[in-house]
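Undergrad: Handing over entry-v2.txt, compact mmCIF, C-alpha atoms.
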# COMPACT_ATOMS: atom_id res chain seq x y z
CA MET A 1 105.26 78.68 77.10
CA THR A 2 106.68 80.06 80.35
CA THR A 3 108.82 77.56 82.23
CA PRO A 4 108.76 77.28 86.07
CA THR A 5 112.23 78.85 86.20
CA GLN A 6 111.16 81.79 84.04
CA LEU A 7 108.03 82.23 86.15
CA ALA A 8 110.10 82.27 89.33
CA GLU A 9 112.38 84.91 87.82
CA GLN A 10 109.37 87.01 86.82
CA LEU A 11 107.85 86.78 90.31
CA SER A 12 111.12 87.76 91.94
CA THR A 13 111.20 90.99 89.95
CA THR A 14 107.51 91.95 90.30
CA THR A 15 106.03 93.98 93.12
CA LEU A 16 103.46 92.78 95.62
CA LEU A 17 100.06 94.44 96.11
CA ARG A 18 97.84 93.58 99.05
CA PHE A 19 94.23 94.58 98.43
CA ALA A 20 90.80 93.94 99.90
CA THR A 21 87.31 93.87 98.45
CA ALA A 22 84.32 95.26 100.31
CA GLY A 23 80.74 96.30 99.67
CA SER A 24 77.18 95.65 100.70
CA VAL A 25 75.52 92.23 100.61
CA ASP A 26 74.78 91.03 97.05
CA ASP A 27 76.84 93.78 95.43
CA GLY A 28 78.90 91.02 93.78
CA LYS A 29 82.21 90.96 95.61
CA SER A 30 82.76 87.22 95.40
CA THR A 31 81.67 87.20 91.76
CA LEU A 32 84.16 89.96 90.99
CA VAL A 33 86.96 88.06 92.70
CA GLY A 34 85.99 84.87 90.90
CA ARG A 35 85.89 86.67 87.55
CA LEU A 36 89.25 88.29 88.27
CA LEU A 37 90.83 84.92 89.06
CA HIS A 38 89.14 83.14 86.15
CA ASP A 39 89.84 85.71 83.42
CA SER A 40 93.45 86.24 84.55
CA LYS A 41 94.02 82.45 84.22
CA SER A 42 94.69 82.11 87.96
CA VAL A 43 92.28 79.22 88.60
CA LEU A 44 93.51 75.64 88.57
CA THR A 45 91.61 73.15 86.45
CA ASP A 46 90.42 71.07 89.40
CA GLN A 47 89.18 74.20 91.17
CA LEU A 48 87.15 75.23 88.14
CA GLU A 49 85.75 71.70 87.78
CA ALA A 50 84.69 71.71 91.43
CA VAL A 51 82.90 75.04 90.94
CA GLU A 52 81.18 73.77 87.79
CA HIS A 53 80.04 70.65 89.66
CA ALA A 54 78.72 72.65 92.60
CA SER A 55 76.94 75.05 90.24
CA ARG A 56 75.20 72.18 88.41
CA ASN A 57 74.05 70.75 91.74
CA ARG A 58 72.40 74.08 92.45
CA GLY A 59 70.63 74.06 89.09
CA GLN A 60 72.83 76.68 87.42
CA GLU A 61 73.77 76.24 83.77
CA THR A 62 76.94 78.38 83.98
CA PRO A 63 79.65 78.24 86.64
CA ASP A 64 79.01 80.46 89.66
CA LEU A 65 82.42 82.12 90.00
CA ALA A 66 81.53 83.37 93.49
CA LEU A 67 82.06 79.82 94.71
CA LEU A 68 85.80 80.24 94.11
CA THR A 69 85.94 82.34 97.28
CA ASP A 70 82.82 81.42 99.26
CA GLY A 71 84.30 78.22 100.66
CA LEU A 72 82.35 77.82 103.90
CA ARG A 73 79.22 75.67 103.72
CA ALA A 74 77.20 78.42 105.42
CA GLU A 75 78.43 80.92 102.83
CA ARG A 76 77.32 78.75 99.93
CA GLU A 77 73.97 77.99 101.52
CA GLN A 78 73.17 81.65 102.25
CA GLY A 79 74.90 83.11 99.21
CA ILE A 80 76.92 85.55 101.34
CA THR A 81 80.51 85.92 102.47
CA ILE A 82 81.00 85.40 106.22
CA ASP A 83 84.73 85.03 106.79
CA VAL A 84 87.66 86.77 105.11
CA ALA A 85 88.79 84.68 102.15
CA TYR A 86 92.41 85.15 101.12
CA ARG A 87 93.53 84.39 97.58
CA TYR A 88 97.01 84.57 96.07
CA PHE A 89 97.58 85.08 92.37
CA ALA A 90 100.03 86.73 90.03
CA THR A 91 100.34 88.24 86.58
CA PRO A 92 103.59 88.95 84.71
CA ARG A 93 103.44 92.52 86.04
CA ARG A 94 102.60 92.03 89.74
CA ARG A 95 101.85 89.59 92.54
CA PHE A 96 98.67 89.93 94.59
CA ILE A 97 97.33 88.97 98.00
CA LEU A 98 93.57 89.47 97.93
CA ALA A 99 91.27 89.58 100.96
CA ASP A 100 87.60 89.09 100.06
CA THR A 101 85.79 90.58 103.06
CA PRO A 102 82.14 90.16 104.10
CA GLY A 103 79.51 92.75 103.19
CA HIS A 104 76.98 92.20 105.97
CA VAL A 105 77.01 94.77 108.78
CA GLN A 106 77.28 91.87 111.25
CA TYR A 107 80.78 91.14 109.90
CA THR A 108 82.21 94.67 109.74
CA ARG A 109 84.99 93.50 112.06
CA ASN A 110 86.07 91.02 109.37
CA MET A 111 86.57 93.89 106.93
CA VAL A 112 88.84 95.56 109.50
CA THR A 113 90.89 92.36 109.58
CA GLY A 114 91.16 92.10 105.80
CA ALA A 115 91.91 95.78 105.17
CA SER A 116 94.37 96.28 108.03
CA THR A 117 97.36 95.37 105.82
CA ALA A 118 95.90 96.41 102.46
CA GLU A 119 97.41 99.08 100.22
CA LEU A 120 94.21 99.23 98.17
CA ALA A 121 90.51 98.60 98.81
CA VAL A 122 87.95 97.78 96.12
CA VAL A 123 84.51 98.96 97.27
CA LEU A 124 81.67 97.55 95.18
CA VAL A 125 78.36 99.29 94.58
CA ASP A 126 75.27 97.84 92.88
CA ALA A 127 74.50 100.23 90.02
CA ARG A 128 70.77 99.77 90.71
CA ASN A 129 71.00 100.79 94.36
CA GLY A 130 73.80 103.34 94.36
CA VAL A 131 75.69 104.35 97.50
CA VAL A 132 74.02 102.75 100.52
CA GLU A 133 74.73 102.76 104.25
CA GLN A 134 77.15 99.84 104.09
CA THR A 135 79.03 101.51 101.24
CA ARG A 136 79.64 104.55 103.43
CA ARG A 137 80.59 102.30 106.33
CA HIS A 138 83.23 100.49 104.30
CA ALA A 139 84.62 103.77 102.95
CA ALA A 140 84.93 105.05 106.52
CA VAL A 141 86.70 101.86 107.63
CA ALA A 142 89.16 102.22 104.74
CA ALA A 143 89.81 105.81 105.80
CA LEU A 144 90.29 104.82 109.45
CA LEU A 145 92.79 102.15 108.45
CA ARG A 146 94.65 104.66 106.24
CA VAL A 147 94.29 102.56 103.08
CA PRO A 148 96.03 104.79 100.52
CA HIS A 149 94.08 103.74 97.40
CA VAL A 150 90.33 103.10 97.03
CA VAL A 151 88.66 101.77 93.89
CA LEU A 152 84.92 102.30 93.46
CA ALA A 153 83.69 99.42 91.30
CA VAL A 154 80.17 100.22 90.12
CA ASN A 155 78.93 96.69 89.45
CA LYS A 156 75.97 95.24 87.54
CA MET A 157 76.13 97.90 84.86
CA ASP A 158 74.50 95.37 82.53
CA LEU A 159 71.31 95.66 84.61
CA VAL A 160 71.09 99.43 84.00
CA ASP A 161 71.77 99.17 80.26
CA TYR A 162 75.36 100.35 80.73
CA ALA A 163 74.06 103.91 81.25
CA GLU A 164 76.84 106.48 81.75
CA PRO A 165 74.66 108.92 83.82
CA VAL A 166 73.99 106.18 86.39
CA PHE A 167 77.71 105.55 86.81
CA ALA A 168 78.58 109.25 86.89
CA ALA A 169 76.06 110.03 89.64
CA ILE A 170 77.26 107.17 91.86
CA ALA A 171 80.93 108.03 91.29
CA GLU A 172 80.34 111.69 92.15
CA GLU A 173 78.49 110.89 95.40
CA PHE A 174 81.01 108.32 96.60
CA THR A 175 84.06 110.38 95.66
CA ALA A 176 82.79 113.39 97.61
CA TYR A 177 82.10 111.26 100.69
CA ALA A 178 85.41 109.37 100.63
CA ALA A 179 87.43 112.53 99.96
CA SER A 180 85.82 114.18 103.00
CA LEU A 181 87.21 111.33 105.11
CA GLY A 182 90.73 111.93 103.86
CA VAL A 183 91.04 109.05 101.38
CA PRO A 184 93.96 110.26 99.24
CA GLU A 185 93.12 108.53 95.95
CA ILE A 186 89.77 107.34 94.58
CA THR A 187 89.34 105.63 91.20
CA ALA A 188 85.87 104.80 89.83
CA ILE A 189 85.42 101.94 87.32
CA PRO A 190 82.10 100.75 85.78
CA ILE A 191 81.96 96.94 85.61
CA SER A 192 79.82 93.87 85.26
CA ALA A 193 81.46 91.10 87.24
CA LEU A 194 78.97 88.53 85.96
CA ALA A 195 79.56 89.36 82.28
CA GLY A 196 83.23 90.28 82.69
CA ASP A 197 82.94 93.89 81.52
CA ASN A 198 85.99 95.98 82.52
CA VAL A 199 87.25 93.38 85.01
CA VAL A 200 90.15 91.93 83.03
CA GLU A 201 89.11 92.81 79.47
CA PRO A 202 87.70 96.19 78.34
CA SER A 203 83.94 96.28 77.84
CA ALA A 204 82.45 96.47 74.38
CA HIS A 205 79.27 97.95 75.87
CA MET A 206 80.75 101.06 77.50
CA ASP A 207 82.66 102.92 74.82
CA TRP A 208 82.05 106.11 76.85
CA TYR A 209 84.52 104.87 79.48
CA GLY A 210 88.18 105.33 78.63
CA GLY A 211 89.83 104.38 81.91
CA PRO A 212 91.58 101.17 82.98
CA THR A 213 90.00 97.83 83.75
CA VAL A 214 90.10 96.60 87.33
CA LEU A 215 93.12 94.36 86.65
CA GLU A 216 94.95 97.09 84.73
CA HIS A 217 94.54 99.45 87.66
CA LEU A 218 95.66 96.79 90.15
CA GLU A 219 98.77 96.14 88.04
CA THR A 220 99.75 99.78 87.67
CA VAL A 221 98.71 101.54 90.90
CA PRO A 222 101.80 102.80 92.76
CA VAL A 223 102.63 100.56 95.71
CA SER A 224 103.35 102.93 98.56
CA HIS A 225 104.29 100.47 101.32
CA ASP A 226 107.99 101.27 101.21
CA LEU A 227 108.81 100.53 104.84
CA THR A 228 112.37 101.73 104.39
CA ALA A 229 111.11 105.31 104.13
CA CYS A 230 109.42 105.13 107.55
CA HIS A 231 110.86 105.82 110.99
CA ALA A 232 113.27 102.98 111.81
CA ARG A 233 111.83 100.59 114.39
CA PHE A 234 113.11 97.21 115.62
CA PRO A 235 110.95 95.29 118.13
CA VAL A 236 113.12 92.75 119.95
CA GLN A 237 111.66 89.27 119.65
CA TYR A 238 114.40 87.11 121.18
CA VAL A 239 117.71 87.57 122.97
CA ILE A 240 120.45 85.26 121.62
CA ARG A 241 123.18 84.27 124.08
CA PRO A 242 124.74 80.93 123.01
CA GLN A 243 127.45 81.04 125.74
CA THR A 244 129.50 78.42 123.88
CA ALA A 245 133.25 78.03 123.58
CA GLU A 246 133.05 79.48 120.08
CA HIS A 247 130.83 82.41 121.13
CA PRO A 248 131.40 82.96 124.86
CA ASP A 249 130.40 86.62 124.91
CA TYR A 250 127.93 86.81 122.02
CA ARG A 251 124.79 88.80 122.81
CA GLY A 252 122.40 89.52 119.96
CA TYR A 253 118.84 90.82 119.72
CA ALA A 254 116.79 89.04 117.08
CA GLY A 255 113.59 90.14 115.40
CA GLN A 256 112.02 91.56 112.26
CA ILE A 257 112.65 95.18 111.34
CA ALA A 258 109.21 96.76 111.45
CA ALA A 259 110.18 99.85 109.47
CA GLY A 260 113.13 101.88 108.26
CA VAL A 261 116.83 101.13 107.89
CA PHE A 262 119.53 100.29 110.45
CA ARG A 263 123.29 100.69 109.89
CA VAL A 264 126.38 99.56 111.77
CA GLY A 265 127.77 102.45 113.82
CA GLU A 266 124.39 104.15 114.19
CA PRO A 267 123.51 105.49 117.68
CA VAL A 268 120.30 103.89 118.97
CA THR A 269 117.98 104.10 121.95
CA VAL A 270 116.38 101.11 123.65
CA LEU A 271 112.82 101.77 124.78
CA PRO A 272 111.13 101.98 127.19
CA SER A 273 114.28 102.15 129.36
CA GLY A 274 115.80 105.00 127.34
CA ARG A 275 119.32 103.54 127.47
CA THR A 276 121.55 104.40 124.51
CA SER A 277 124.22 102.50 122.62
CA THR A 278 125.61 102.02 119.12
CA ILE A 279 124.98 99.21 116.63
CA ALA A 280 128.18 97.17 116.68
CA GLY A 281 127.06 94.56 114.15
CA ILE A 282 124.15 93.20 112.13
CA ASP A 283 123.79 89.47 111.40
CA LEU A 284 121.61 88.42 108.48
CA LEU A 285 121.21 84.77 107.47
CA GLY A 286 124.48 83.85 109.13
CA ASP A 287 126.51 86.68 107.58
CA SER A 288 127.54 90.04 108.96
CA VAL A 289 126.20 93.02 107.00
CA ASP A 290 126.62 96.77 107.31
CA ILE A 291 123.00 97.69 106.62
CA ALA A 292 119.55 96.08 107.00
CA TRP A 293 116.05 97.28 106.24
CA ALA A 294 112.38 96.36 106.71
CA PRO A 295 111.01 93.75 106.60
CA GLN A 296 114.23 91.72 106.99
CA SER A 297 114.68 89.46 110.01
CA VAL A 298 118.06 90.16 111.57
CA THR A 299 120.07 90.08 114.78
CA LEU A 300 121.43 93.38 116.08
CA ARG A 301 124.54 93.52 118.28
CA LEU A 302 125.10 96.59 120.45
CA ALA A 303 128.41 98.06 121.57
CA ASP A 304 127.36 98.20 125.23
CA ASP A 305 126.08 95.44 127.54
CA ILE A 306 122.76 96.98 128.51
CA ASP A 307 119.56 95.35 129.69
CA VAL A 308 117.51 94.50 126.60
CA SER A 309 114.74 91.89 126.54
CA ARG A 310 111.81 90.72 124.43
CA GLY A 311 109.30 93.49 123.89
CA ASP A 312 111.84 96.31 123.94
CA LEU A 313 112.02 98.60 120.93
CA ILE A 314 115.30 99.70 119.34
CA ALA A 315 115.12 102.99 117.41
CA PRO A 316 117.56 105.65 116.16
CA ALA A 317 118.67 107.89 119.02
CA ASP A 318 117.56 111.03 117.15
CA ASP A 319 114.23 109.58 115.96
CA ALA A 320 112.79 107.60 118.85
CA PRO A 321 109.03 107.51 119.55
CA ALA A 322 107.58 108.98 122.74
CA VAL A 323 107.02 106.62 125.65
CA THR A 324 103.65 106.71 127.40
CA GLN A 325 101.38 104.77 129.71
CA ASP A 326 98.21 106.55 128.55
CA VAL A 327 97.18 105.32 125.12
CA GLU A 328 94.48 107.24 123.24
CA ALA A 329 93.28 105.40 120.17
CA THR A 330 90.53 104.53 117.75
CA VAL A 331 89.50 100.91 118.11
CA CYS A 332 87.28 98.37 116.41
CA HIS A 333 85.78 95.91 118.86
CA VAL A 334 85.89 92.41 117.37
CA ALA A 335 84.80 90.15 120.25
CA ASP A 336 81.25 89.07 121.07
CA GLN A 337 81.73 90.12 124.70
CA PRO A 338 81.61 93.90 125.20
CA LEU A 339 84.50 96.18 126.12
CA THR A 340 83.62 98.28 129.19
CA VAL A 341 85.12 101.15 131.17
CA GLY A 342 87.22 99.77 134.02
CA GLN A 343 87.85 96.45 132.31
CA ARG A 344 91.27 94.89 132.84
CA VAL A 345 92.95 93.73 129.63
CA LEU A 346 96.29 92.87 128.11
CA LEU A 347 97.68 95.23 125.47
CA LYS A 348 99.87 93.65 122.79
CA HIS A 349 102.04 96.05 120.81
CA THR A 350 104.57 94.50 118.41
CA THR A 351 106.39 91.91 120.59
CA ARG A 352 105.48 93.52 123.91
CA THR A 353 102.44 92.54 126.00
CA VAL A 354 101.55 94.51 129.14
CA LYS A 355 98.69 94.68 131.61
CA ALA A 356 96.27 97.55 131.11
CA ILE A 357 92.91 98.95 132.16
CA VAL A 358 90.29 100.71 130.04
CA LYS A 359 90.09 104.14 131.66
CA ASP A 360 87.51 105.73 129.38
CA ILE A 361 85.44 105.24 126.23
CA PRO A 362 84.80 108.85 125.19
CA SER A 363 82.67 108.11 122.14
CA ARG A 364 81.32 105.57 119.70
CA LEU A 365 81.24 106.32 115.99
CA THR A 366 78.23 105.70 113.76
CA LEU A 367 79.89 105.05 110.43
CA ASP A 368 76.85 105.45 108.21
CA ASP A 369 76.48 109.19 108.94
CA LEU A 370 79.69 109.86 110.94
CA SER A 371 77.70 110.96 113.98
CA GLN A 372 79.05 110.10 117.40
CA HIS A 373 77.51 108.79 120.58
CA PRO A 374 79.34 110.37 123.54
CA ALA A 375 80.34 108.36 126.62
CA PRO A 376 78.71 105.05 125.61
CA GLY A 377 80.38 103.24 128.51
CA ARG A 378 80.91 100.13 126.40
CA LEU A 379 81.64 98.88 122.89
CA VAL A 380 80.00 95.77 121.45
CA ALA A 381 80.98 93.63 118.45
CA ASN A 382 81.66 95.66 115.29
CA ASP A 383 81.57 98.99 117.17
CA ILE A 384 84.25 101.57 116.40
CA GLY A 385 85.05 104.10 119.07
CA ARG A 386 87.65 106.13 120.92
CA VAL A 387 89.24 104.64 124.03
CA VAL A 388 91.78 105.69 126.63
CA VAL A 389 93.85 102.83 128.03
CA ARG A 390 96.26 103.03 130.99
CA THR A 391 99.09 100.51 130.82
CA ALA A 392 101.02 99.08 133.75
CA GLU A 393 104.33 99.62 131.92
CA PRO A 394 105.46 102.30 129.47
CA LEU A 395 105.00 101.69 125.74
CA ALA A 396 106.77 103.21 122.75
CA LEU A 397 103.96 103.74 120.24
CA ASP A 398 103.95 105.70 117.03
CA ALA A 399 100.80 107.37 115.77
CA TYR A 400 98.96 105.03 113.40
CA ALA A 401 99.01 107.84 110.82
CA ASP A 402 102.82 107.67 110.86
CA SER A 403 103.22 103.89 110.99
CA ARG A 404 100.59 101.22 110.53
CA ARG A 405 103.08 98.67 111.87
CA THR A 406 104.08 100.31 115.16
CA GLY A 407 100.95 102.41 115.65
CA SER A 408 98.60 99.44 115.95
CA PHE A 409 97.88 97.17 118.90
CA LEU A 410 95.48 94.56 120.25
CA LEU A 411 93.50 94.40 123.48
CA ILE A 412 93.32 90.82 124.77
CA ASP A 413 91.20 89.12 127.44
CA PRO A 414 93.69 88.06 130.15
CA ALA A 415 91.44 85.17 131.22
CA ASP A 416 91.37 83.17 127.98
CA GLY A 417 93.56 85.04 125.47
CA THR A 418 90.65 86.12 123.26
CA THR A 419 91.32 89.11 121.03
CA LEU A 420 88.89 91.82 122.11
CA THR A 421 89.80 94.93 120.16
CA ALA A 422 92.04 96.14 117.33
CA GLY A 423 93.46 99.58 118.06
CA MET A 424 95.01 102.44 116.08
CA ALA A 425 96.93 104.93 118.21
CA GLY A 426 96.40 108.64 117.71
CA ALA A 427 93.85 110.55 115.65
CA SER A 428 91.00 109.00 113.68
CA PHE A 429 90.57 110.21 110.13
CA ALA A 430 93.24 111.87 108.02
CA ALA A 431 91.16 114.93 107.15
CA VAL A 432 88.64 117.19 108.82
CA THR A 433 85.03 117.04 107.70
CA GLN A 434 84.04 120.70 108.00
CA ASP A 435 80.34 120.26 108.70
CA VAL A 436 80.91 117.69 111.43
CA ALA A 437 83.76 119.66 112.98
CA GLU A 438 81.67 122.84 113.20
CA ALA A 439 78.76 120.99 114.75
CA ASP A 440 80.88 119.15 117.31
CA ASP A 441 83.68 121.50 118.32
CA ASP A 442 84.24 119.65 121.58
CA ALA A 443 84.10 116.19 120.04
CA GLU A 444 86.81 113.62 120.69
CA TRP A 445 86.83 112.57 117.05
CA ASP A 446 89.44 114.12 114.78
CA PHE A 447 87.64 114.51 111.47
Output the file's structure in the form of structure tokens.

TA:
Amino acid sequence: MTTPTQLAEQLSTTTLLRFATAGSVDDGKSTLVGRLLHDSKSVLTDQLEAVEHASRNRGQETPDLALLTDGLRAEREQGITIDVAYRYFATPRRRFILADTPGHVQYTRNMVTGASTAELAVVLVDARNGVVEQTRRHAAVAALLRVPHVVLAVNKMDLVDYAEPVFAAIAEEFTAYAASLGVPEITAIPISALAGDNVVEPSAHMDWYGGPTVLEHLETVPVSHDLTACHARFPVQYVIRPQTAEHPDYRGYAGQIAAGVFRVGEPVTVLPSGRTSTIAGIDLLGDSVDIAWAPQSVTLRLADDIDVSRGDLIAPADDAPAVTQDVEATVCHVADQPLTVGQRVLLKHTTRTVKAIVKDIPSRLTLDDLSQHPAPGRLVANDIGRVVVRTAEPLALDAYADSRRTGSFLLIDPADGTTLTAGMAGASFAAVTQDVAEADDDAEWDF
């Protein structure tokens, strides 16, 4: 039996995978998550007893594993997922943070929230219905958010007699669509979440399938979120000046390294001012170190006394991002109130918040067929579109394709602080869809 100490040692040496589940209503996302947690022995006894009790009250003879994630009363009453449900579990090979996102079109914005930090997305499809509009919508959202790995889980194979041709046709259609959006890796797995086929244990009913189970793939997929390989970026969160007898002249800039590596002696540029200096010291957990990397929280000390404040960005002098006041981006509108041309907003990028105005909304994207509606004038809840925002002060943004950390931002209502829109600076999709590009040569969308 594994002791708590041994478990802690195992967890410290395993990697972390953030992944999200998505799919149309009733495709079985919550059941898949529940089966995954149950069969991997990640459910506490009292949790399982509570699910069994709730299932009996609903007249079900067997536990409804979907109740492990559908925690809201409205979710259980309607049998759908409304909010993003986060679950944390681990196996001896890897730790996981799972975001179970809603399938209803009304809650597309919630999928954007859950997938924004994911390295992998599991898109479920009902084997009886095949690829539907919401399936294409979720694949497009995953492509927009640059999720590097997508798993197509063809669920409810037990209801189609575990027929290989049904799975093959769905996998071929989805793979072609997702690849056209620029999704770099697509893995198709036939499953039955209700019966447990190919979720944690291999299925005895599909001997024609020789690939991994869902859990095997999650444990072995390469985790590509190595932030140390990205452009080095350090958003300043707080300026430390103790001005004590012990530290009369100490001036440090504290924050979390968003990406890359910083070294003592390295020339750096402070943006948006453009002033340059050299890293004189790095303080980490009370000790001075020569090197620090993402996502460590550190304090940088510079060789020169220059004006640096919260919201400034420190970057290598030879690899600094461009500074601009005109931000062109793809956005997902998440608020109930619309976003309109001419609207005054606040733009929050890393630790910097500036006043801004929406100059233009060139187009709105229809995710089910990738058509665009030019010059809509406004975006409503769950809409995805292109916007041009003019900021009152310069910003140092990377393209979202280069850095999900420093290429993303939020638009906020200055009146009440409500988050209006989640933005991704730069181009939309990673690849060009030839048919769409030829039909819309003058389009604002970069397919």

Undergrad: Quote the spacing between atom CA of Gly28 of chain A and atom CA of Leu194 of chain A in Å to one decimal place.

TA: 8.2 Å

Undergrad: Would you compute an axis-aligned box for segment 281-293 of chain A, covering every atom listed for it in the file with 4 Å of margin on each side, and report centre and edge lengths in Å to one decimal as JSON?

TA:
{"center_x": 121.8, "center_y": 90.8, "center_z": 110.2, "size_x": 19.5, "size_y": 21.8, "size_z": 15.9}

Undergrad: Of the candidates A:Ile306, A:Leu346, A:Ile257, A:Ala322, which one gets nearest to Ala292 of chain A if we count all atoms listed in the file?

TA: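 That would be A:Ile257, the residue with the smallest distance to Ala292 of chain A.
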
Undergrad: Between A:Ser273, A:Thr21, A:Thr351, A:Ser30, which has the minimum distance to Arg233 of chain A (counting only C-alpha atoms)?

TA: A:Thr351

Undergrad: For a quick check of understanding, using all atoms listed in the file, which of A:Val270, A:Pro242, A:Arg344, A:Ser24 has the smallest distance to Glu133 of chain A?

TA: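 Answer, going by the shortest atom-to-atom distance: A:Ser24.
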
Undergrad: Which residue out of A:Thr15, A:Ser42, A:Thr350, A:Gln256 has the minimum interatomic distance to Leu300 of chain A when only C-alpha atoms are used?

TA: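 Counting only C-alpha atoms, the residue closest to Leu300 of chain A is A:Gln256.
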